[in-house]
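Source file model_12.pdb; content: PDB, C-alpha atoms and all ligand atoms.
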MODEL        1
ATOM      1  CA  MET F1367     -33.339  -1.213 -10.894  1.00  0.00           C
ATOM      2  CA  THR F1368     -30.758   1.431 -11.800  1.00  0.00           C
ATOM      3  CA  ARG F1369     -26.960   1.310 -11.855  1.00  0.00           C
ATOM      4  CA  ILE F1370     -25.247   1.823  -8.508  1.00  0.00           C
ATOM      5  CA  ASP F1371     -23.990   5.402  -8.029  1.00  0.00           C
ATOM      6  CA  SER F1372     -20.232   5.938  -7.807  1.00  0.00           C
ATOM      7  CA  ASP F1373     -20.198   7.207  -4.225  1.00  0.00           C
ATOM      8  CA  SER F1374     -22.098   4.179  -2.890  1.00  0.00           C
ATOM      9  CA  LEU F1375     -19.752   1.949  -4.879  1.00  0.00           C
ATOM     10  CA  ARG F1376     -16.697   3.724  -3.432  1.00  0.00           C
ATOM     11  CA  ASP F1377     -17.881   2.805   0.070  1.00  0.00           C
ATOM     12  CA  ILE F1378     -18.459  -0.819  -0.941  1.00  0.00           C
ATOM     13  CA  LEU F1379     -15.025  -1.125  -2.615  1.00  0.00           C
ATOM     14  CA  LYS F1380     -13.015  -0.218   0.526  1.00  0.00           C
ATOM     15  CA  LEU F1381     -11.985  -3.757   1.526  1.00  0.00           C
ATOM     16  CA  TYR F1382     -12.697  -6.103  -1.384  1.00  0.00           C
ATOM     17  CA  PHE F1383     -12.037  -9.738  -0.447  1.00  0.00           C
ATOM     18  CA  ILE F1384     -11.545 -12.109  -3.390  1.00  0.00           C
ATOM     19  CA  MET F1385     -11.433 -15.867  -2.870  1.00  0.00           C
ATOM     20  CA  GLY F1386     -12.059 -19.358  -4.232  1.00  0.00           C
ATOM     21  CA  SER F1387     -11.496 -22.851  -2.865  1.00  0.00           C
ATOM     22  CA  THR F1388      -7.860 -22.889  -4.066  1.00  0.00           C
ATOM     23  CA  ASN F1389      -7.016 -19.847  -1.876  1.00  0.00           C
ATOM     24  CA  CYS F1390      -8.119 -21.461   1.404  1.00  0.00           C
ATOM     25  CA  TYR F1391      -6.510 -23.765   3.943  1.00  0.00           C
ATOM     26  CA  LYS F1392      -9.926 -24.490   5.488  1.00  0.00           C
ATOM     27  CA  SER F1393     -13.517 -24.413   4.220  1.00  0.00           C
ATOM     28  CA  PRO F1394     -14.247 -21.367   2.046  1.00  0.00           C
ATOM     29  CA  ALA F1395     -17.473 -20.828   4.012  1.00  0.00           C
ATOM     30  CA  SER F1396     -15.598 -20.474   7.309  1.00  0.00           C
ATOM     31  CA  VAL F1397     -12.934 -18.267   5.688  1.00  0.00           C
ATOM     32  CA  LEU F1398     -15.649 -15.976   4.325  1.00  0.00           C
ATOM     33  CA  LYS F1399     -17.503 -15.805   7.663  1.00  0.00           C
ATOM     34  CA  ASP F1400     -14.265 -14.898   9.464  1.00  0.00           C
ATOM     35  CA  ALA F1401     -13.435 -12.263   6.833  1.00  0.00           C
ATOM     36  CA  ILE F1402     -16.912 -10.728   7.127  1.00  0.00           C
ATOM     37  CA  ALA F1403     -16.492 -10.627  10.917  1.00  0.00           C
ATOM     38  CA  GLY F1404     -13.287  -8.652  10.306  1.00  0.00           C
ATOM     39  CA  GLY F1405     -15.031  -6.002   8.228  1.00  0.00           C
ATOM     40  CA  ILE F1406     -14.703  -6.779   4.523  1.00  0.00           C
ATOM     41  CA  THR F1407     -17.069  -4.602   2.482  1.00  0.00           C
ATOM     42  CA  LEU F1408     -17.342  -6.618  -0.750  1.00  0.00           C
ATOM     43  CA  PHE F1409     -16.754 -10.229  -1.834  1.00  0.00           C
ATOM     44  CA  GLN F1410     -15.716 -11.680  -5.192  1.00  0.00           C
ATOM     45  CA  PHE F1411     -16.044 -15.405  -5.883  1.00  0.00           C
ATOM     46  CA  ARG F1412     -12.985 -16.258  -8.023  1.00  0.00           C
ATOM     47  CA  GLU F1413     -12.713 -20.015  -8.634  1.00  0.00           C
ATOM     48  CA  LYS F1414      -9.523 -20.307 -10.743  1.00  0.00           C
ATOM     49  CA  GLY F1415      -6.311 -22.330 -10.918  1.00  0.00           C
ATOM     50  CA  ILE F1416      -5.349 -25.947 -11.424  1.00  0.00           C
ATOM     51  CA  ASP F1417      -7.488 -27.412  -8.609  1.00  0.00           C
ATOM     52  CA  ALA F1418     -10.423 -25.070  -9.147  1.00  0.00           C
ATOM     53  CA  LEU F1419     -13.914 -26.547  -8.869  1.00  0.00           C
ATOM     54  CA  THR F1420     -16.048 -26.765 -12.001  1.00  0.00           C
ATOM     55  CA  GLY F1421     -19.672 -27.515 -12.933  1.00  0.00           C
ATOM     56  CA  ASP F1422     -22.093 -28.424 -10.129  1.00  0.00           C
ATOM     57  CA  ALA F1423     -19.426 -28.311  -7.391  1.00  0.00           C
ATOM     58  CA  LYS F1424     -18.477 -24.764  -8.430  1.00  0.00           C
ATOM     59  CA  PHE F1425     -22.142 -23.728  -8.575  1.00  0.00           C
ATOM     60  CA  ALA F1426     -22.823 -25.250  -5.137  1.00  0.00           C
ATOM     61  CA  LEU F1427     -19.858 -23.430  -3.542  1.00  0.00           C
ATOM     62  CA  ALA F1428     -20.853 -20.143  -5.190  1.00  0.00           C
ATOM     63  CA  GLU F1429     -24.422 -20.543  -3.883  1.00  0.00           C
ATOM     64  CA  GLU F1430     -23.167 -21.344  -0.374  1.00  0.00           C
ATOM     65  CA  LEU F1431     -20.901 -18.271  -0.296  1.00  0.00           C
ATOM     66  CA  GLN F1432     -23.592 -16.048  -1.817  1.00  0.00           C
ATOM     67  CA  THR F1433     -26.002 -17.092   0.961  1.00  0.00           C
ATOM     68  CA  ILE F1434     -23.423 -16.124   3.608  1.00  0.00           C
ATOM     69  CA  CYS F1435     -22.938 -12.734   1.912  1.00  0.00           C
ATOM     70  CA  LYS F1436     -26.710 -12.173   1.791  1.00  0.00           C
ATOM     71  CA  GLU F1437     -27.034 -13.000   5.504  1.00  0.00           C
ATOM     72  CA  HIS F1438     -24.485 -10.268   6.272  1.00  0.00           C
ATOM     73  CA  GLY F1439     -25.476  -7.646   3.691  1.00  0.00           C
ATOM     74  CA  ILE F1440     -22.237  -8.029   1.716  1.00  0.00           C
ATOM     75  CA  PRO F1441     -22.596  -7.707  -2.095  1.00  0.00           C
ATOM     76  CA  PHE F1442     -21.562 -10.834  -4.011  1.00  0.00           C
ATOM     77  CA  ILE F1443     -19.522 -10.463  -7.228  1.00  0.00           C
ATOM     78  CA  VAL F1444     -18.569 -13.308  -9.597  1.00  0.00           C
ATOM     79  CA  ASN F1445     -15.234 -13.299 -11.438  1.00  0.00           C
ATOM     80  CA  ASP F1446     -15.267 -14.040 -15.212  1.00  0.00           C
ATOM     81  CA  ASP F1447     -18.187 -16.539 -15.210  1.00  0.00           C
ATOM     82  CA  ILE F1448     -21.085 -14.396 -16.524  1.00  0.00           C
ATOM     83  CA  ASP F1449     -23.447 -17.380 -16.850  1.00  0.00           C
ATOM     84  CA  LEU F1450     -22.893 -18.297 -13.206  1.00  0.00           C
ATOM     85  CA  ALA F1451     -23.452 -14.687 -12.142  1.00  0.00           C
ATOM     86  CA  ILE F1452     -26.732 -14.510 -14.066  1.00  0.00           C
ATOM     87  CA  SER F1453     -28.009 -17.893 -12.839  1.00  0.00           C
ATOM     88  CA  LEU F1454     -27.270 -16.898  -9.217  1.00  0.00           C
ATOM     89  CA  GLU F1455     -28.590 -13.348  -9.707  1.00  0.00           C
ATOM     90  CA  ALA F1456     -25.278 -12.137  -8.273  1.00  0.00           C
ATOM     91  CA  ASP F1457     -24.839  -8.437  -7.495  1.00  0.00           C
ATOM     92  CA  GLY F1458     -22.274  -8.128 -10.267  1.00  0.00           C
ATOM     93  CA  VAL F1459     -19.365  -9.499 -12.240  1.00  0.00           C
ATOM     94  CA  HIS F1460     -15.668  -8.752 -12.659  1.00  0.00           C
ATOM     95  CA  ILE F1461     -14.039  -9.337 -16.040  1.00  0.00           C
ATOM     96  CA  GLY F1462     -10.520  -9.151 -17.421  1.00  0.00           C
ATOM     97  CA  GLN F1463      -9.339  -7.787 -20.752  1.00  0.00           C
ATOM     98  CA  GLU F1464      -9.279 -11.286 -22.232  1.00  0.00           C
ATOM     99  CA  ASP F1465     -12.942 -11.942 -21.316  1.00  0.00           C
ATOM    100  CA  ALA F1466     -16.003 -10.898 -23.325  1.00  0.00           C
ATOM    101  CA  PRO F1467     -16.062  -7.232 -24.434  1.00  0.00           C
ATOM    102  CA  VAL F1468     -17.317  -4.854 -21.737  1.00  0.00           C
ATOM    103  CA  ASP F1469     -20.315  -3.606 -23.750  1.00  0.00           C
ATOM    104  CA  GLU F1470     -21.460  -7.181 -24.427  1.00  0.00           C
ATOM    105  CA  VAL F1471     -21.264  -8.068 -20.737  1.00  0.00           C
ATOM    106  CA  ARG F1472     -23.065  -4.849 -19.792  1.00  0.00           C
ATOM    107  CA  LYS F1473     -25.954  -5.849 -22.114  1.00  0.00           C
ATOM    108  CA  ARG F1474     -26.144  -9.296 -20.509  1.00  0.00           C
ATOM    109  CA  ILE F1475     -26.093  -8.176 -16.863  1.00  0.00           C
ATOM    110  CA  GLY F1476     -28.247  -5.043 -17.117  1.00  0.00           C
ATOM    111  CA  ASP F1477     -27.705  -2.686 -14.144  1.00  0.00           C
ATOM    112  CA  LYS F1478     -25.642  -5.079 -12.045  1.00  0.00           C
ATOM    113  CA  ILE F1479     -22.178  -4.013 -10.873  1.00  0.00           C
ATOM    114  CA  LEU F1480     -19.561  -4.425 -13.631  1.00  0.00           C
ATOM    115  CA  GLY F1481     -15.863  -4.349 -12.709  1.00  0.00           C
ATOM    116  CA  VAL F1482     -13.077  -4.449 -15.279  1.00  0.00           C
ATOM    117  CA  SER F1483      -9.334  -5.121 -14.893  1.00  0.00           C
ATOM    118  CA  VAL F1484      -7.380  -2.364 -16.625  1.00  0.00           C
ATOM    119  CA  HIS F1485      -3.609  -1.904 -17.094  1.00  0.00           C
ATOM    120  CA  THR F1486      -3.334   1.098 -19.433  1.00  0.00           C
ATOM    121  CA  MET F1487      -5.036   4.445 -20.004  1.00  0.00           C
ATOM    122  CA  GLU F1488      -6.422   3.127 -23.288  1.00  0.00           C
ATOM    123  CA  GLU F1489      -8.005   0.097 -21.584  1.00  0.00           C
ATOM    124  CA  ALA F1490      -9.401   2.427 -18.901  1.00  0.00           C
ATOM    125  CA  LEU F1491     -11.032   4.844 -21.343  1.00  0.00           C
ATOM    126  CA  THR F1492     -12.466   1.992 -23.439  1.00  0.00           C
ATOM    127  CA  ALA F1493     -13.886   0.259 -20.360  1.00  0.00           C
ATOM    128  CA  MET F1494     -15.458   3.479 -19.057  1.00  0.00           C
ATOM    129  CA  GLU F1495     -17.130   4.231 -22.383  1.00  0.00           C
ATOM    130  CA  ALA F1496     -18.436   0.663 -22.526  1.00  0.00           C
ATOM    131  CA  GLY F1497     -20.132   0.924 -19.122  1.00  0.00           C
ATOM    132  CA  ALA F1498     -17.735  -0.274 -16.412  1.00  0.00           C
ATOM    133  CA  ASP F1499     -18.686   0.723 -12.839  1.00  0.00           C
ATOM    134  CA  TYR F1500     -15.224   0.275 -11.313  1.00  0.00           C
ATOM    135  CA  PHE F1501     -11.651  -0.620 -12.295  1.00  0.00           C
ATOM    136  CA  GLY F1502      -9.303  -3.207 -10.839  1.00  0.00           C
ATOM    137  CA  VAL F1503      -5.779  -1.845 -11.299  1.00  0.00           C
ATOM    138  CA  GLY F1504      -2.689  -3.956 -10.790  1.00  0.00           C
ATOM    139  CA  PRO F1505      -0.705  -5.920  -9.973  1.00  0.00           C
ATOM    140  CA  ILE F1506       0.484  -3.191  -7.604  1.00  0.00           C
ATOM    141  CA  PHE F1507       3.004  -5.434  -5.828  1.00  0.00           C
ATOM    142  CA  PRO F1508       4.352  -8.921  -6.648  1.00  0.00           C
ATOM    143  CA  THR F1509       1.661 -11.567  -6.371  1.00  0.00           C
ATOM    144  CA  LYS F1510       1.805 -15.345  -6.151  1.00  0.00           C
ATOM    145  CA  THR F1511      -1.935 -15.768  -6.638  1.00  0.00           C
ATOM    146  CA  LYS F1512      -2.257 -14.952 -10.313  1.00  0.00           C
ATOM    147  CA  GLU F1513       0.107 -17.061 -12.474  1.00  0.00           C
ATOM    148  CA  ASP F1514      -0.353 -14.946 -15.593  1.00  0.00           C
ATOM    149  CA  ALA F1515      -0.204 -11.571 -13.858  1.00  0.00           C
ATOM    150  CA  LYS F1516       1.032  -8.580 -15.887  1.00  0.00           C
ATOM    151  CA  PRO F1517       4.271  -6.825 -14.824  1.00  0.00           C
ATOM    152  CA  VAL F1518       4.200  -5.323 -11.320  1.00  0.00           C
ATOM    153  CA  GLN F1519       3.296  -1.637 -11.707  1.00  0.00           C
ATOM    154  CA  GLY F1520       3.356  -0.105  -8.251  1.00  0.00           C
ATOM    155  CA  VAL F1521       0.889   2.734  -7.735  1.00  0.00           C
ATOM    156  CA  GLN F1522       1.928   4.694 -10.839  1.00  0.00           C
ATOM    157  CA  HIS F1523      -1.157   3.752 -12.884  1.00  0.00           C
ATOM    158  CA  ILE F1524      -3.578   4.640 -10.098  1.00  0.00           C
ATOM    159  CA  GLN F1525      -1.812   7.987  -9.662  1.00  0.00           C
ATOM    160  CA  HIS F1526      -1.737   8.574 -13.412  1.00  0.00           C
ATOM    161  CA  PHE F1527      -5.449   7.834 -13.868  1.00  0.00           C
ATOM    162  CA  ARG F1528      -6.318  10.287 -11.080  1.00  0.00           C
ATOM    163  CA  GLU F1529      -3.919  12.952 -12.395  1.00  0.00           C
ATOM    164  CA  LYS F1530      -5.676  12.674 -15.765  1.00  0.00           C
ATOM    165  CA  GLY F1531      -9.001  13.311 -14.043  1.00  0.00           C
ATOM    166  CA  ILE F1532     -10.397   9.791 -14.175  1.00  0.00           C
ATOM    167  CA  THR F1533     -12.785   9.703 -11.206  1.00  0.00           C
ATOM    168  CA  ILE F1534     -14.330   6.241 -11.677  1.00  0.00           C
ATOM    169  CA  PRO F1535     -14.189   4.065  -8.517  1.00  0.00           C
ATOM    170  CA  MET F1536     -10.924   2.138  -8.499  1.00  0.00           C
ATOM    171  CA  VAL F1537      -9.349  -0.646  -6.412  1.00  0.00           C
ATOM    172  CA  GLY F1538      -5.741  -1.717  -6.359  1.00  0.00           C
ATOM    173  CA  ILE F1539      -4.957  -5.426  -6.552  1.00  0.00           C
ATOM    174  CA  GLY F1540      -1.871  -7.579  -6.338  1.00  0.00           C
ATOM    175  CA  GLY F1541       0.239  -8.413  -3.284  1.00  0.00           C
ATOM    176  CA  ILE F1542      -1.604  -5.967  -1.020  1.00  0.00           C
ATOM    177  CA  THR F1543      -1.105  -6.500   2.720  1.00  0.00           C
ATOM    178  CA  MET F1544      -1.730  -4.493   5.895  1.00  0.00           C
ATOM    179  CA  GLU F1545       1.814  -3.133   5.500  1.00  0.00           C
ATOM    180  CA  ASN F1546       1.316  -1.569   2.045  1.00  0.00           C
ATOM    181  CA  ALA F1547      -2.458  -0.974   1.808  1.00  0.00           C
ATOM    182  CA  LEU F1548      -2.226   2.651   2.960  1.00  0.00           C
ATOM    183  CA  LYS F1549       0.185   3.460   0.114  1.00  0.00           C
ATOM    184  CA  VAL F1550      -2.426   2.218  -2.384  1.00  0.00           C
ATOM    185  CA  MET F1551      -5.152   4.371  -0.815  1.00  0.00           C
ATOM    186  CA  LYS F1552      -2.938   7.478  -0.738  1.00  0.00           C
ATOM    187  CA  ALA F1553      -2.207   6.991  -4.436  1.00  0.00           C
ATOM    188  CA  GLY F1554      -5.920   7.552  -5.077  1.00  0.00           C
ATOM    189  CA  ALA F1555      -7.560   4.127  -4.878  1.00  0.00           C
ATOM    190  CA  ASP F1556     -11.023   3.903  -3.332  1.00  0.00           C
ATOM    191  CA  GLY F1557     -10.218   0.504  -1.873  1.00  0.00           C
ATOM    192  CA  VAL F1558      -7.916  -2.490  -1.882  1.00  0.00           C
ATOM    193  CA  SER F1559      -8.558  -6.001  -3.177  1.00  0.00           C
ATOM    194  CA  VAL F1560      -7.009  -8.818  -1.234  1.00  0.00           C
ATOM    195  CA  ILE F1561      -6.842 -12.586  -1.532  1.00  0.00           C
ATOM    196  CA  THR F1562      -4.002 -14.293   0.371  1.00  0.00           C
ATOM    197  CA  ALA F1563      -3.417 -11.620   3.028  1.00  0.00           C
ATOM    198  CA  ILE F1564      -6.858 -12.550   4.368  1.00  0.00           C
ATOM    199  CA  SER F1565      -7.569 -16.105   3.123  1.00  0.00           C
ATOM    200  CA  LYS F1566      -4.272 -17.567   4.380  1.00  0.00           C
ATOM    201  CA  ALA F1567      -3.863 -15.449   7.506  1.00  0.00           C
ATOM    202  CA  THR F1568      -3.337 -17.232  10.814  1.00  0.00           C
ATOM    203  CA  ASP F1569      -6.165 -15.119  12.229  1.00  0.00           C
ATOM    204  CA  ILE F1570      -8.447 -14.242   9.312  1.00  0.00           C
ATOM    205  CA  THR F1571     -10.727 -11.905  11.276  1.00  0.00           C
ATOM    206  CA  LYS F1572      -7.759  -9.956  12.696  1.00  0.00           C
ATOM    207  CA  ALA F1573      -6.149  -9.695   9.243  1.00  0.00           C
ATOM    208  CA  ALA F1574      -9.354  -8.231   7.789  1.00  0.00           C
ATOM    209  CA  GLN F1575      -9.727  -5.863  10.772  1.00  0.00           C
ATOM    210  CA  ARG F1576      -6.166  -4.541  10.358  1.00  0.00           C
ATOM    211  CA  LEU F1577      -6.640  -4.046   6.632  1.00  0.00           C
ATOM    212  CA  ARG F1578      -9.947  -2.271   7.262  1.00  0.00           C
ATOM    213  CA  GLU F1579      -8.168   0.110   9.680  1.00  0.00           C
ATOM    214  CA  GLN F1580      -5.625   0.916   6.965  1.00  0.00           C
ATOM    215  CA  VAL F1581      -8.215   1.760   4.331  1.00  0.00           C
ATOM    216  CA  GLU F1582     -10.269   3.910   6.739  1.00  0.00           C
ATOM    217  CA  TYR F1583      -7.273   6.257   7.218  1.00  0.00           C
TER     218      TYR F1583
HETATM  219  C1  LIG F1601      -7.984  -9.934 -11.933  1.00  0.00           C
HETATM  220  C2  LIG F1601      -8.688  -9.097 -11.136  1.00  0.00           C
HETATM  221  C3  LIG F1601      -8.365  -7.708 -11.044  1.00  0.00           C
HETATM  222  N1  LIG F1601      -9.078  -6.890 -10.241  1.00  0.00           N
HETATM  223  C4  LIG F1601     -10.104  -7.392  -9.538  1.00  0.00           C
HETATM  224  C5  LIG F1601     -10.859  -6.430  -8.638  1.00  0.00           C
HETATM  225  F1  LIG F1601     -10.188  -6.277  -7.513  1.00  0.00           F
HETATM  226  F2  LIG F1601     -12.066  -6.920  -8.374  1.00  0.00           F
HETATM  227  F3  LIG F1601     -10.974  -5.227  -9.227  1.00  0.00           F
HETATM  228  N2  LIG F1601     -10.477  -8.667  -9.560  1.00  0.00           N
HETATM  229  C6  LIG F1601      -9.826  -9.573 -10.340  1.00  0.00           C
HETATM  230  N3  LIG F1601     -10.190 -10.783 -10.361  1.00  0.00           N
ENDMDL
END
Output the structure of this file as structure tokens.
Amino acid sequence: MTRIDSDSLRDILKLYFIMGSTNCYKSPASVLKDAIAGGITLFQFREKGIDALTGDAKFALAEELQTICKEHGIPFIVNDDIDLAISLEADGVHIGQEDAPVDEVRKRIGDKILGVSVHTMEEALTAMEAGADYFGVGPIFPTKTKEDAKPVQGVQHIQHFREKGITIPMVGIGGITMENALKVMKAGADGVSVITAISKATDITKAAQRLREQVEY
């Protein structure tokens, strides 16, 4: 197996749904199925927060959601938990700056997709050199989902990275909705990452469809 090429990854990153049990009003499986029906292109299992599942319950939910992704040809990414990703043979992992160093994770996961959260040019250059496949840049807008989010940055970092010639696939994250998604794409992102705008929508499939329309501008 070889590493995914950037252009294929750009297509996959267009509408990147991230979710865990704490982000859902109903069963995560039904939320994911509805989101897939609405046209998400990538899924990240992110089980975090005070009521987050752990141990066998977390593994069982991850396996259930991975099976749904497989049935629909949607790549399955695991947030932070490298061991879980390896045991499930997930399609990749996403790590933050406070997780294991990028080069260590790259060694452990081989050619699987490796996403890294970056907030500064220095973090971006370091992550690229260490083998990241894509960046998560944010929080673009205010977010309620991540308690320890960094200061809201708008699209300035995405614009700055592109102006400096950084071409690595990039998604914006943080408070993105169907109203502001286009702004993130026009700033130079290859896609948008969304949690609540889809997982807590009244009509999940419609919410995903409308976001997908925005990113396919
Ligand atoms: C904190 C995060 C930042 N970015 C991303 C992604 F959208 F995947 F790039 N996922 C996260 N969990």
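Here CA of Arg1528 (chain F) and CA of Asp1465 (chain F) stand 25.4 Å from one another.
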Report task. Please evaluate the PyMOL selection byres (((chain F and resi 1516) around 8) and not hetatm) against the displayed coordinates and give the resulting residues as JSON, numbers by chain. Result -> {"F": [1504, 1505, 1514, 1515, 1517, 1518]}
Query raised in the report: For this file, the PyMOL selection byres (((not hetatm)) within 10 of (chain F and resi 1601)) selects which residues, as number ranges by chain?
Result: F: 1379, 1381-1385, 1408-1414, 1443-1446, 1459-1463, 1480-1485, 1500-1505, 1511-1512, 1514-1516, 1535-1540, 1557-1561
Query - 8 Å contact set for Gly1541 (chain F), all atoms listed in the file, chain neighbours under 3 positions out, as a list in words - result: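 Returned residues: Pro1505, Ile1506, Phe1507, Pro1508, Thr1509, Lys1510, Val1560 and Ala1563 of chain F.
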Report task. To verify the selection step, state as a ChimeraX atom specification which residues the PyMOL selection byres (((chain F and resi 1579) around 10) and not hetatm) yields on this input. Result -> /F:1381,1405,1544,1547-1548,1574-1578,1580-1583
Report task. Skip region 1428-1439 of chain F itself and residues of its chain fewer than 3 positions away, then list as an NGL selection string all residues within 8 Å of it, counting all atoms listed in the file. Result -> :F and (1394-1395 or 1398-1399 or 1402 or 1409 or 1411 or 1424-1425 or 1442 or 1454 or 1456)
Resulting file, chosen residues, C-alpha atoms, as a PDB file, in the frame of the given file:
ATOM      1  CA  PRO F1394     -14.247 -21.367   2.046  1.00  0.00           C
ATOM      2  CA  ALA F1395     -17.473 -20.828   4.012  1.00  0.00           C
ATOM      3  CA  LEU F1398     -15.649 -15.976   4.325  1.00  0.00           C
ATOM      4  CA  LYS F1399     -17.503 -15.805   7.663  1.00  0.00           C
ATOM      5  CA  ILE F1402     -16.912 -10.728   7.127  1.00  0.00           C
ATOM      6  CA  PHE F1409     -16.754 -10.229  -1.834  1.00  0.00           C
ATOM      7  CA  PHE F1411     -16.044 -15.405  -5.883  1.00  0.00           C
ATOM      8  CA  LYS F1424     -18.477 -24.764  -8.430  1.00  0.00           C
ATOM      9  CA  PHE F1425     -22.142 -23.728  -8.575  1.00  0.00           C
ATOM     10  CA  PHE F1442     -21.562 -10.834  -4.011  1.00  0.00           C
ATOM     11  CA  LEU F1454     -27.270 -16.898  -9.217  1.00  0.00           C
ATOM     12  CA  ALA F1456     -25.278 -12.137  -8.273  1.00  0.00           C
TER      13      ALA F1456
END
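The spacing separating CA of Val1550 (chain F) from CA of His1523 (chain F) amounts to 10.7 Å.
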Requested in this report: Mind checking which residues fall within 9 Å of region 1419-1421 of chain F, counting all atoms listed in the file, ignoring those fewer than 5 positions away in the same chain, and posting them as a PyMOL selection string?
Outcome: chain F and resi 1386-1388+1413-1414+1426-1427
Could those residues be written to a file, using C-alpha atoms, as a compact mmCIF listing (two decimals), keeping the file's coordinate frame?
# COMPACT_ATOMS: atom_id res chain seq x y z
CA GLY F 1386 -12.06 -19.36 -4.23
CA SER F 1387 -11.50 -22.85 -2.86
CA THR F 1388 -7.86 -22.89 -4.07
CA GLU F 1413 -12.71 -20.02 -8.63
CA LYS F 1414 -9.52 -20.31 -10.74
CA ALA F 1426 -22.82 -25.25 -5.14
CA LEU F 1427 -19.86 -23.43 -3.54
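Closest approach to Ile1564 (chain F) among F:Ile1378, F:Ile1370, F:Ile1406, F:Ile1440 is made by F:Ile1406 (distances from all atoms listed in the file).
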Requested in this report: May I ask for the distance between CA of Thr1543 (chain F) and CA of Ala1573 (chain F), given in Å to one decimal place?
Outcome: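 Distance between the two atoms: 8.8 Å.
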Report task. Starting from the point (-10.4, -14.1, 10.4), work out which residues of protein, DNA or RNA have an atom no more than 6 Å away when counting only C-alpha atoms; state them as a PyMOL selection string. Result -> chain F and resi 1400-1401+1569-1572
